[in-house]
$ cat input-v4.txt   # compact mmCIF, C-alpha atoms
# COMPACT_ATOMS: atom_id res chain seq x y z
CA MET M 1 -61.71 2.54 1.85
CA LYS M 2 -62.75 5.78 0.14
CA ASN M 3 -65.93 7.14 -1.40
CA THR M 4 -66.11 8.72 -4.81
CA PRO M 5 -65.04 12.40 -4.86
CA ALA M 6 -67.71 13.25 -7.43
CA ALA M 7 -70.70 15.12 -6.10
CA GLY M 8 -73.77 13.03 -6.78
CA GLY M 9 -72.08 9.70 -7.30
CA GLY M 10 -69.71 7.96 -9.63
CA GLY M 11 -71.04 9.06 -12.99
CA GLY M 12 -70.32 7.18 -16.21
CA ASN M 13 -71.57 3.59 -16.22
CA PHE M 14 -72.56 3.87 -12.56
CA GLY M 15 -75.03 6.72 -13.04
CA SER M 16 -75.73 8.75 -9.92
CA ARG M 17 -75.08 5.94 -7.46
CA ASP M 18 -72.84 6.63 -4.46
CA LEU M 19 -69.73 4.48 -4.73
CA LEU M 20 -67.11 3.18 -2.32
CA ALA M 21 -63.80 1.59 -3.25
CA THR M 22 -61.71 -0.83 -1.19
CA THR M 23 -58.35 -2.49 -1.74
CA GLY M 24 -56.78 -5.61 -0.32
CA ASP M 25 -56.20 -8.49 -2.69
CA TYR M 26 -58.04 -6.62 -5.47
CA LEU M 27 -59.67 -3.25 -6.13
CA ARG M 28 -63.38 -3.56 -5.47
CA LEU M 29 -66.19 -1.09 -6.14
CA TRP M 30 -69.37 -0.97 -4.08
CA SER M 31 -72.59 0.99 -4.48
CA VAL M 32 -74.27 2.27 -1.32
CA SER M 33 -77.95 3.20 -0.96
CA PRO M 34 -80.59 3.59 1.78
CA ASP M 35 -81.89 0.27 3.07
CA ASP M 36 -85.66 0.40 2.40
CA GLU M 37 -86.20 -2.77 4.43
CA LYS M 38 -84.87 -1.01 7.51
CA GLY M 39 -86.76 2.26 7.24
CA GLY M 40 -85.35 3.93 4.14
CA PRO M 41 -83.38 7.21 4.14
CA GLU M 42 -84.92 8.39 7.44
CA SER M 43 -83.45 5.44 9.34
CA GLY M 44 -79.87 6.24 8.35
CA MET M 45 -79.32 2.54 7.54
CA LEU M 46 -77.46 1.71 4.34
CA LYS M 47 -77.05 -1.37 2.18
CA SER M 48 -74.10 -2.12 -0.08
CA LYS M 49 -73.73 -4.03 -3.32
CA LYS M 50 -70.49 -5.10 -4.97
CA GLU M 51 -70.41 -3.56 -8.44
CA ALA M 52 -67.01 -4.69 -9.72
CA MET M 53 -63.73 -6.40 -8.88
CA LEU M 54 -60.83 -5.10 -10.95
CA ASN M 55 -57.97 -7.48 -11.69
CA ASN M 56 -55.20 -6.86 -14.21
CA ASN M 57 -53.74 -10.37 -13.99
CA ASN M 58 -56.29 -12.87 -15.25
CA LYS M 59 -53.64 -15.45 -16.18
CA SER M 60 -52.73 -16.38 -12.62
CA ASP M 61 -54.53 -17.40 -9.45
CA TYR M 62 -51.96 -15.44 -7.46
CA CYS M 63 -52.38 -11.73 -6.90
CA SER M 64 -49.97 -9.25 -5.35
CA PRO M 65 -51.71 -7.46 -2.48
CA LEU M 66 -52.57 -3.80 -3.00
CA THR M 67 -51.18 -1.44 -0.38
CA SER M 68 -53.17 1.74 -1.11
CA PHE M 69 -55.16 3.65 -3.72
CA ASP M 70 -56.27 7.15 -4.61
CA TRP M 71 -59.47 8.31 -6.31
CA ASN M 72 -58.84 11.19 -8.70
CA GLU M 73 -60.75 14.28 -7.58
CA TYR M 74 -60.83 15.82 -11.06
CA ASP M 75 -62.06 12.74 -12.94
CA PRO M 76 -63.89 10.24 -10.70
CA SER M 77 -63.64 7.53 -13.35
CA ILE M 78 -59.90 7.25 -12.54
CA ILE M 79 -58.43 5.32 -9.60
CA GLY M 80 -54.74 4.64 -9.02
CA THR M 81 -53.53 1.63 -6.99
CA SER M 82 -50.13 0.66 -5.56
CA SER M 83 -48.88 -2.86 -4.94
CA ILE M 84 -46.15 -4.83 -3.21
CA ASP M 85 -45.04 -6.12 -6.64
CA THR M 86 -43.37 -2.69 -7.32
CA THR M 87 -46.12 -1.58 -9.73
CA CYS M 88 -48.79 1.09 -9.85
CA THR M 89 -51.94 0.76 -11.95
CA ILE M 90 -54.23 3.52 -13.22
CA TRP M 91 -57.78 2.21 -13.69
CA ASP M 92 -60.76 3.43 -15.68
CA ILE M 93 -63.68 2.26 -13.56
CA ASN M 94 -66.20 2.84 -16.36
CA THR M 95 -64.51 0.28 -18.61
CA GLN M 96 -63.13 -1.66 -15.61
CA GLN M 97 -59.82 -1.85 -17.46
CA ALA M 98 -56.30 -0.74 -16.61
CA LYS M 99 -55.28 2.38 -18.53
CA THR M 100 -51.66 2.14 -17.44
CA GLN M 101 -49.52 -0.20 -15.37
CA LEU M 102 -45.90 0.64 -14.65
CA ILE M 103 -43.01 -0.47 -12.48
CA ALA M 104 -42.83 2.49 -10.12
CA HIS M 105 -40.16 1.53 -7.57
CA GLU M 106 -37.37 -0.93 -6.98
CA ARG M 107 -39.22 -2.44 -4.03
CA GLU M 108 -42.80 -2.48 -2.69
CA VAL M 109 -44.94 0.59 -3.38
CA PHE M 110 -46.78 1.70 -0.24
CA ASP M 111 -48.85 4.68 -1.38
CA ILE M 112 -50.04 6.64 -4.42
CA ALA M 113 -51.65 10.08 -4.65
CA PHE M 114 -52.84 12.26 -7.54
CA SER M 115 -51.82 15.89 -7.81
CA ALA M 116 -53.93 18.54 -9.57
CA GLY M 117 -55.59 17.31 -12.76
CA THR M 118 -55.67 13.75 -14.05
CA ASP M 119 -52.11 13.14 -15.26
CA VAL M 120 -49.63 13.75 -12.43
CA PHE M 121 -49.31 11.43 -9.46
CA ALA M 122 -46.67 10.57 -6.87
CA THR M 123 -45.72 7.38 -5.07
CA VAL M 124 -43.66 6.27 -2.08
CA GLY M 125 -42.28 2.89 -1.20
CA ALA M 126 -39.90 0.55 0.56
CA ASP M 127 -36.91 1.87 -1.42
CA GLY M 128 -37.18 5.16 0.51
CA SER M 129 -38.01 7.39 -2.44
CA VAL M 130 -40.79 9.79 -3.43
CA ARG M 131 -41.34 9.59 -7.19
CA MET M 132 -43.50 11.75 -9.45
CA PHE M 133 -45.03 10.52 -12.71
CA ASP M 134 -46.86 12.17 -15.59
CA GLN M 135 -49.12 9.90 -17.64
CA ARG M 136 -48.37 11.99 -20.73
CA ASN M 137 -44.73 10.83 -20.55
CA LEU M 138 -44.28 7.64 -18.59
CA GLU M 139 -40.84 6.90 -20.02
CA HIS M 140 -39.39 9.06 -17.25
CA SER M 141 -40.13 9.75 -13.60
CA THR M 142 -38.75 12.31 -11.18
CA ILE M 143 -37.26 11.29 -7.85
CA ILE M 144 -38.33 14.15 -5.60
CA TYR M 145 -36.77 12.86 -2.40
CA GLU M 146 -34.88 9.92 -0.93
CA THR M 147 -34.51 9.22 2.77
CA PRO M 148 -30.89 9.49 3.99
CA ASN M 149 -30.47 5.76 4.60
CA LEU M 150 -33.19 4.67 2.16
CA GLU M 151 -35.60 3.92 5.01
CA PRO M 152 -39.06 2.94 3.70
CA LEU M 153 -41.64 5.71 3.23
CA LEU M 154 -45.17 4.72 4.19
CA ARG M 155 -47.63 7.46 3.10
CA LEU M 156 -47.81 10.71 1.16
CA GLU M 157 -50.37 13.50 0.78
CA TRP M 158 -50.49 16.39 -1.69
CA ASN M 159 -51.30 19.86 -0.44
CA LYS M 160 -54.90 20.52 -1.54
CA GLN M 161 -54.39 24.22 -2.24
CA ASP M 162 -50.75 24.42 -3.37
CA HIS M 163 -49.69 21.37 -5.35
CA ASN M 164 -46.03 22.28 -5.12
CA TYR M 165 -46.02 20.79 -1.63
CA LEU M 166 -46.53 17.29 -0.34
CA ALA M 167 -46.08 15.52 2.98
CA THR M 168 -44.67 12.07 3.67
CA PHE M 169 -43.37 10.02 6.60
CA LYS M 170 -41.21 6.96 7.09
CA VAL M 171 -42.23 3.63 8.57
CA ASP M 172 -42.15 3.89 12.38
CA SER M 173 -41.20 7.57 12.13
CA LEU M 174 -41.82 10.26 14.73
CA THR M 175 -41.59 13.08 12.15
CA THR M 176 -43.47 14.20 9.04
CA THR M 177 -41.42 15.52 6.13
CA ILE M 178 -42.72 18.45 4.05
CA LEU M 179 -41.37 18.62 0.49
CA ASP M 180 -41.42 21.23 -2.26
CA ILE M 181 -41.32 19.53 -5.69
CA ARG M 182 -39.57 22.62 -7.09
CA VAL M 183 -36.61 21.92 -4.80
CA PRO M 184 -36.02 18.15 -5.00
CA SER M 185 -34.07 16.22 -2.36
CA MET M 186 -34.23 18.95 0.30
CA PRO M 187 -37.12 18.93 2.82
CA VAL M 188 -38.70 22.32 3.50
CA THR M 189 -39.29 21.37 7.12
CA GLU M 190 -39.87 18.38 9.37
CA LEU M 191 -42.66 18.22 11.94
CA GLY M 192 -42.00 16.47 15.23
CA GLY M 193 -44.34 16.57 18.20
CA HIS M 194 -45.16 12.85 18.32
CA HIS M 195 -43.68 10.43 20.86
CA ASN M 196 -44.65 7.25 18.98
CA PRO M 197 -44.84 6.43 15.25
CA ILE M 198 -47.06 8.48 12.93
CA ASN M 199 -49.90 6.69 11.15
CA ALA M 200 -51.68 9.37 9.14
CA VAL M 201 -51.42 12.89 7.75
CA ALA M 202 -54.00 15.16 6.10
CA TRP M 203 -53.72 18.66 4.62
CA ALA M 204 -56.47 21.16 5.30
CA PRO M 205 -58.77 21.28 2.25
CA HIS M 206 -59.25 25.06 2.55
CA SER M 207 -55.75 26.24 3.50
CA SER M 208 -52.30 25.65 2.02
CA CYS M 209 -50.62 26.29 5.38
CA HIS M 210 -52.31 23.83 7.73
CA ILE M 211 -51.82 20.11 8.15
CA CYS M 212 -52.87 17.47 10.69
CA THR M 213 -50.79 14.50 11.82
CA ALA M 214 -51.80 11.57 14.04
CA GLY M 215 -50.06 8.57 15.51
CA ASP M 216 -49.54 5.82 18.05
CA ASP M 217 -49.07 8.35 20.87
CA SER M 218 -52.87 8.91 20.71
CA GLN M 219 -52.37 12.47 19.52
CA ALA M 220 -53.82 14.42 16.61
CA LEU M 221 -51.81 17.59 15.99
CA ILE M 222 -52.59 20.54 13.72
CA TRP M 223 -49.67 22.59 12.42
CA ASP M 224 -49.40 26.09 10.94
CA LEU M 225 -46.78 26.11 8.17
CA THR M 226 -47.06 29.79 7.22
CA GLN M 227 -43.46 30.52 8.21
CA MET M 228 -41.89 27.18 7.30
CA SER M 229 -39.70 28.63 4.52
CA LYS M 230 -38.15 31.09 7.01
CA ARG M 231 -37.77 29.00 10.14
CA SER M 232 -38.40 25.50 11.44
CA VAL M 233 -41.84 24.64 12.78
CA GLU M 234 -41.36 23.54 16.37
CA ASP M 235 -44.83 23.22 17.89
CA PRO M 236 -48.39 22.48 16.72
CA ILE M 237 -51.08 25.10 17.14
CA LEU M 238 -53.72 22.57 18.27
CA ALA M 239 -53.48 19.15 19.92
CA TYR M 240 -56.03 16.49 20.82
CA ASN M 241 -55.43 13.42 22.96
CA ALA M 242 -57.52 10.40 22.00
CA GLU M 243 -58.26 7.38 24.16
CA ALA M 244 -55.97 5.10 22.13
CA GLU M 245 -53.55 5.02 19.20
CA VAL M 246 -54.94 7.01 16.26
CA ASN M 247 -54.85 4.78 13.17
CA ASN M 248 -56.24 7.15 10.56
CA LEU M 249 -57.66 10.62 10.04
CA GLN M 250 -59.58 12.61 7.43
CA TRP M 251 -60.09 16.36 7.06
CA SER M 252 -63.54 17.02 5.61
CA SER M 253 -63.47 18.85 2.27
CA SER M 254 -67.16 19.78 2.44
CA GLN M 255 -67.05 20.81 6.14
CA PRO M 256 -63.47 22.03 6.72
CA ASP M 257 -64.14 22.84 10.39
CA TRP M 258 -64.27 19.10 11.11
CA VAL M 259 -61.57 16.42 11.32
CA SER M 260 -62.37 12.75 11.89
CA ILE M 261 -59.99 10.34 13.62
CA ALA M 262 -60.16 6.56 14.05
CA PHE M 263 -58.82 4.71 17.08
CA ALA M 264 -59.54 1.35 18.72
CA ASN M 265 -63.16 0.57 17.74
CA LYS M 266 -64.23 4.21 17.57
CA LEU M 267 -64.56 7.05 15.10
CA GLN M 268 -64.52 10.58 16.53
CA ILE M 269 -65.35 13.81 14.72
CA LEU M 270 -63.47 16.82 16.08
CA ARG M 271 -64.23 20.48 15.55
CA VAL M 272 -61.10 22.43 14.64

$ encode --input "input-v4.txt" --output "C-alpha cells"
Amino acid sequence: MKNTPAAGGGGGNFGSRDLLATTGDYLRLWSVSPDDEKGGPESGMLKSKKEAMLNNNNKSDYCSPLTSFDWNEYDPSIIGTSSIDTTCTIWDINTQQAKTQLIAHEREVFDIAFSAGTDVFATVGADGSVRMFDQRNLEHSTIIYETPNLEPLLRLEWNKQDHNYLATFKVDSLTTTILDIRVPSMPVTELGGHHNPINAVAWAPHSSCHICTAGDDSQALIWDLTQMSKRSVEDPILAYNAEAEVNNLQWSSSQPDWVSIAFANKLQILRV
C-alpha cells in the first residue's frame, strides 16, 4: 500500500483528494478523507472509499496476482505494477487504462521502481536479474545485474538523490547489493550486518550516501556509503533492535529525520 506522491492529492480526475493504492489480485485506488461522523479532522479518524479497480484482462475470470507496484513521483497519474505472469504494466490512473504492458522477465516479476522522470524504470524477478526499461524505446531492455547462480531477487530501490545507484537483495538473503547502472554486472558494494533474511531497504530521501536495511533479525541498520567506491562497507553507523522481525520500513521524504518500521502488529517511528 502506498499513498500518492503528489502534494495535495492525486490530481487529474481525482481532484485534490488524497489517494491510496493497493495491489493483490488487482490494482485498486482508494480515496481517504476525515470521517465527519466520528468527529471530523480533529478526531484523526479517516474513512476510505474505493475509487477504481484496474484490470487489463477483461476476457478472463482468472487474474495473475500482482507482486508490487510503484507510484511515479514526477507524474502521480502513473503507476507501474509487476506480476507473477512475467509482465509489468504502466497505468494511467486518470483514464484507468494501461499505457503499456510488456513481458519483463523470463519468470515472475517481484518488484518495479521508477527512476528520475516518467520514462525509466527497473524491475527484479525470479530469474535473478535486474532489468532497466525506457518507455520511449521498449523494444530493448538493459540487464544491469544477474545474481551468480540466478537466485531470485526480491526488491529494488533507486537512490533518491543519485539515480545512477540502486539497491536490491535476493530472496532469503543476508546482504544488500548496491549497483551502479553505469557499470553493469559488477556490484559497487554489498552490505552485510544482518543475521537473518532482509525484508526491506530504503534510501535516505535527502542524502545519496545513506541507506537503511531491515530484516528478520529484528534489526534496522543505517549505512554510510560515502567511501563505498574506495573500500568495502563493513559496519552500519546506526542500529536499532525491534521487538520482532521487521517486515517493512519507510524513510520519510517530508521529514527525513524519521524512519518508520513495521513489525508484528506494531508500527514504530524512529528518529535518526

$ residues_around --input "input-v4.txt" --residues "stretch 97-102 of chain M" --least-positions-apart "3" --cutoff "6 Å" --atoms "only C-alpha atoms" --output "list of chain:residue names"
M:Thr87, M:Cys88, M:Thr89, M:Ile90, M:Trp91, M:Asp92

$ atom_distance --input "input-v4.txt" --atom1 "atom CA of M:Ile84" --atom2 "atom CA of M:Ser68"
9.8 Å

$ atom_distance --input "input-v4.txt" --atom1 "atom CA of M:Gly193" --atom2 "atom CA of M:Ser232"
12.7 Å

$ residues_around --input "input-v4.txt" --residues "stretch 205-218 of chain M" --least-positions-apart "4" --cutoff "6 Å" --atoms "only C-alpha atoms" --output "PyMOL selection string"
chain M and resi 160-162+195-201+222-226+241-242+244-246+253

$ residues_around --input "input-v4.txt" --residues "M:Gly128" --least-positions-apart "2" --cutoff "7 Å" --atoms "only C-alpha atoms" --output "PyMOL selection string"
chain M and resi 125-126+146-147+150-153

$ atom_distance --input "input-v4.txt" --atom1 "atom CA of M:Val272" --atom2 "atom CA of M:Asn247"
18.8 Å

$ closest_residue --input "input-v4.txt" --among "M:Ala116, M:Leu221, M:Ile93, M:Ala264" --to "M:Pro76" --atoms "all atoms listed in the file"
M:Ile93

$ residues_around --input "input-v4.txt" --residues "M:Ser31" --least-positions-apart "3" --cutoff "6 Å" --atoms "all atoms listed in the file" --output "PyMOL selection string"
chain M and resi 18-19+48-49

$ write_last_selection --input "input-v4.txt" --atoms "C-alpha atoms" --output "PDB file, in the coordinates of the input"
ATOM      1  CA  ASP M  18     -72.840   6.630  -4.460  1.00  0.00           C
ATOM      2  CA  LEU M  19     -69.730   4.480  -4.730  1.00  0.00           C
ATOM      3  CA  SER M  48     -74.100  -2.120  -0.080  1.00  0.00           C
ATOM      4  CA  LYS M  49     -73.730  -4.030  -3.320  1.00  0.00           C
TER       5      LYS M  49
END

$ closest_residue --input "input-v4.txt" --among "M:Val124, M:Val233, M:Ile261, M:Leu66" --to "M:Val171" --atoms "all atoms listed in the file"
M:Val124

$ decode --input "input-v4.txt" --residues "stretch 197-225 of chain M" --atoms "N, CA, C and O atoms" --output "mmCIF file, in the first residue's frame"
data_model
loop_
_atom_site.group_PDB
_atom_site.id
_atom_site.type_symbol
_atom_site.label_atom_id
_atom_site.label_comp_id
_atom_site.auth_asym_id
_atom_site.auth_seq_id
_atom_site.Cartn_x
_atom_site.Cartn_y
_atom_site.Cartn_z
ATOM 1 N N PRO M 197 17.261 -13.181 7.122
ATOM 2 C CA PRO M 197 16.960 -12.566 5.829
ATOM 3 C C PRO M 197 16.458 -11.124 5.906
ATOM 4 O O PRO M 197 15.731 -10.739 6.828
ATOM 5 N N ILE M 198 16.852 -10.352 4.886
ATOM 6 C CA ILE M 198 16.435 -8.952 4.757
ATOM 7 C C ILE M 198 15.042 -8.891 4.137
ATOM 8 O O ILE M 198 14.713 -9.663 3.229
ATOM 9 N N ASN M 199 14.242 -7.962 4.627
ATOM 10 C CA ASN M 199 12.874 -7.785 4.120
ATOM 11 C C ASN M 199 12.644 -6.454 3.431
ATOM 12 O O ASN M 199 11.712 -6.336 2.621
ATOM 13 N N ALA M 200 13.445 -5.440 3.744
ATOM 14 C CA ALA M 200 13.164 -4.106 3.204
ATOM 15 C C ALA M 200 14.431 -3.269 3.165
ATOM 16 O O ALA M 200 15.359 -3.479 3.956
ATOM 17 N N VAL M 201 14.430 -2.308 2.242
ATOM 18 C CA VAL M 201 15.540 -1.367 2.115
ATOM 19 C C VAL M 201 14.971 -0.030 1.676
ATOM 20 O O VAL M 201 13.992 0.029 0.937
ATOM 21 N N ALA M 202 15.565 1.073 2.171
ATOM 22 C CA ALA M 202 15.096 2.411 1.812
ATOM 23 C C ALA M 202 16.268 3.374 1.799
ATOM 24 O O ALA M 202 17.027 3.446 2.775
ATOM 25 N N TRP M 203 16.440 4.109 0.691
ATOM 26 C CA TRP M 203 17.453 5.157 0.629
ATOM 27 C C TRP M 203 16.977 6.395 1.371
ATOM 28 O O TRP M 203 15.775 6.679 1.422
ATOM 29 N N ALA M 204 17.919 7.125 1.923
ATOM 30 C CA ALA M 204 17.582 8.412 2.539
ATOM 31 C C ALA M 204 17.074 9.359 1.455
ATOM 32 O O ALA M 204 17.659 9.438 0.372
ATOM 33 N N PRO M 205 15.991 10.081 1.712
ATOM 34 C CA PRO M 205 15.456 10.987 0.683
ATOM 35 C C PRO M 205 16.291 12.247 0.486
ATOM 36 O O PRO M 205 16.157 12.932 -0.523
ATOM 37 N N HIS M 206 17.178 12.552 1.457
ATOM 38 C CA HIS M 206 17.915 13.814 1.446
ATOM 39 C C HIS M 206 19.411 13.620 1.231
ATOM 40 O O HIS M 206 20.162 14.587 1.174
ATOM 41 N N SER M 207 19.851 12.371 1.126
ATOM 42 C CA SER M 207 21.282 12.083 1.020
ATOM 43 C C SER M 207 21.494 10.939 0.047
ATOM 44 O O SER M 207 20.778 9.930 0.093
ATOM 45 N N SER M 208 22.504 11.053 -0.810
ATOM 46 C CA SER M 208 22.810 9.979 -1.756
ATOM 47 C C SER M 208 23.678 8.896 -1.138
ATOM 48 O O SER M 208 23.918 7.865 -1.777
ATOM 49 N N CYS M 209 24.143 9.110 0.083
ATOM 50 C CA CYS M 209 25.137 8.214 0.694
ATOM 51 C C CYS M 209 24.610 7.431 1.883
ATOM 52 O O CYS M 209 25.398 6.773 2.577
ATOM 53 N N HIS M 210 23.311 7.490 2.156
ATOM 54 C CA HIS M 210 22.781 6.792 3.323
ATOM 55 C C HIS M 210 21.593 5.917 2.932
ATOM 56 O O HIS M 210 20.754 6.315 2.127
ATOM 57 N N ILE M 211 21.575 4.734 3.530
ATOM 58 C CA ILE M 211 20.542 3.762 3.214
ATOM 59 C C ILE M 211 20.220 2.972 4.473
ATOM 60 O O ILE M 211 21.083 2.778 5.336
ATOM 61 N N CYS M 212 18.974 2.530 4.582
ATOM 62 C CA CYS M 212 18.527 1.745 5.741
ATOM 63 C C CYS M 212 18.078 0.369 5.266
ATOM 64 O O CYS M 212 17.395 0.245 4.240
ATOM 65 N N THR M 213 18.463 -0.665 6.002
ATOM 66 C CA THR M 213 18.032 -2.029 5.712
ATOM 67 C C THR M 213 17.374 -2.606 6.966
ATOM 68 O O THR M 213 17.697 -2.217 8.087
ATOM 69 N N ALA M 214 16.456 -3.549 6.773
ATOM 70 C CA ALA M 214 15.764 -4.168 7.907
ATOM 71 C C ALA M 214 15.422 -5.603 7.561
ATOM 72 O O ALA M 214 15.238 -5.948 6.385
ATOM 73 N N GLY M 215 15.329 -6.450 8.616
ATOM 74 C CA GLY M 215 15.098 -7.851 8.314
ATOM 75 C C GLY M 215 14.559 -8.675 9.457
ATOM 76 O O GLY M 215 14.131 -8.149 10.504
ATOM 77 N N ASP M 216 14.615 -9.994 9.260
ATOM 78 C CA ASP M 216 14.050 -10.942 10.217
ATOM 79 C C ASP M 216 14.860 -11.061 11.492
ATOM 80 O O ASP M 216 14.430 -11.749 12.426
ATOM 81 N N ASP M 217 16.040 -10.438 11.558
ATOM 82 C CA ASP M 217 16.805 -10.439 12.801
ATOM 83 C C ASP M 217 16.372 -9.308 13.730
ATOM 84 O O ASP M 217 17.042 -9.038 14.733
ATOM 85 N N SER M 218 15.251 -8.664 13.412
ATOM 86 C CA SER M 218 14.657 -7.581 14.222
ATOM 87 C C SER M 218 15.489 -6.309 14.206
ATOM 88 O O SER M 218 15.277 -5.425 15.040
ATOM 89 N N GLN M 219 16.419 -6.199 13.275
ATOM 90 C CA GLN M 219 17.275 -5.028 13.214
ATOM 91 C C GLN M 219 16.891 -4.095 12.065
ATOM 92 O O GLN M 219 16.492 -4.538 10.992
ATOM 93 N N ALA M 220 17.059 -2.794 12.325
ATOM 94 C CA ALA M 220 17.048 -1.768 11.285
ATOM 95 C C ALA M 220 18.412 -1.099 11.332
ATOM 96 O O ALA M 220 18.812 -0.570 12.375
ATOM 97 N N LEU M 221 19.131 -1.137 10.223
ATOM 98 C CA LEU M 221 20.509 -0.645 10.170
ATOM 99 C C LEU M 221 20.619 0.497 9.174
ATOM 100 O O LEU M 221 20.073 0.424 8.071
ATOM 101 N N ILE M 222 21.326 1.558 9.550
ATOM 102 C CA ILE M 222 21.599 2.670 8.646
ATOM 103 C C ILE M 222 23.083 2.654 8.292
ATOM 104 O O ILE M 222 23.946 2.539 9.166
ATOM 105 N N TRP M 223 23.349 2.782 6.978
ATOM 106 C CA TRP M 223 24.704 2.669 6.451
ATOM 107 C C TRP M 223 25.142 3.978 5.809
ATOM 108 O O TRP M 223 24.345 4.670 5.172
ATOM 109 N N ASP M 224 26.434 4.280 5.945
ATOM 110 C CA ASP M 224 27.052 5.421 5.269
ATOM 111 C C ASP M 224 27.892 4.874 4.117
ATOM 112 O O ASP M 224 28.857 4.137 4.330
ATOM 113 N N LEU M 225 27.513 5.247 2.877
ATOM 114 C CA LEU M 225 28.169 4.704 1.695
ATOM 115 C C LEU M 225 29.143 5.694 1.056
ATOM 116 O O LEU M 225 29.532 5.519 -0.100
#
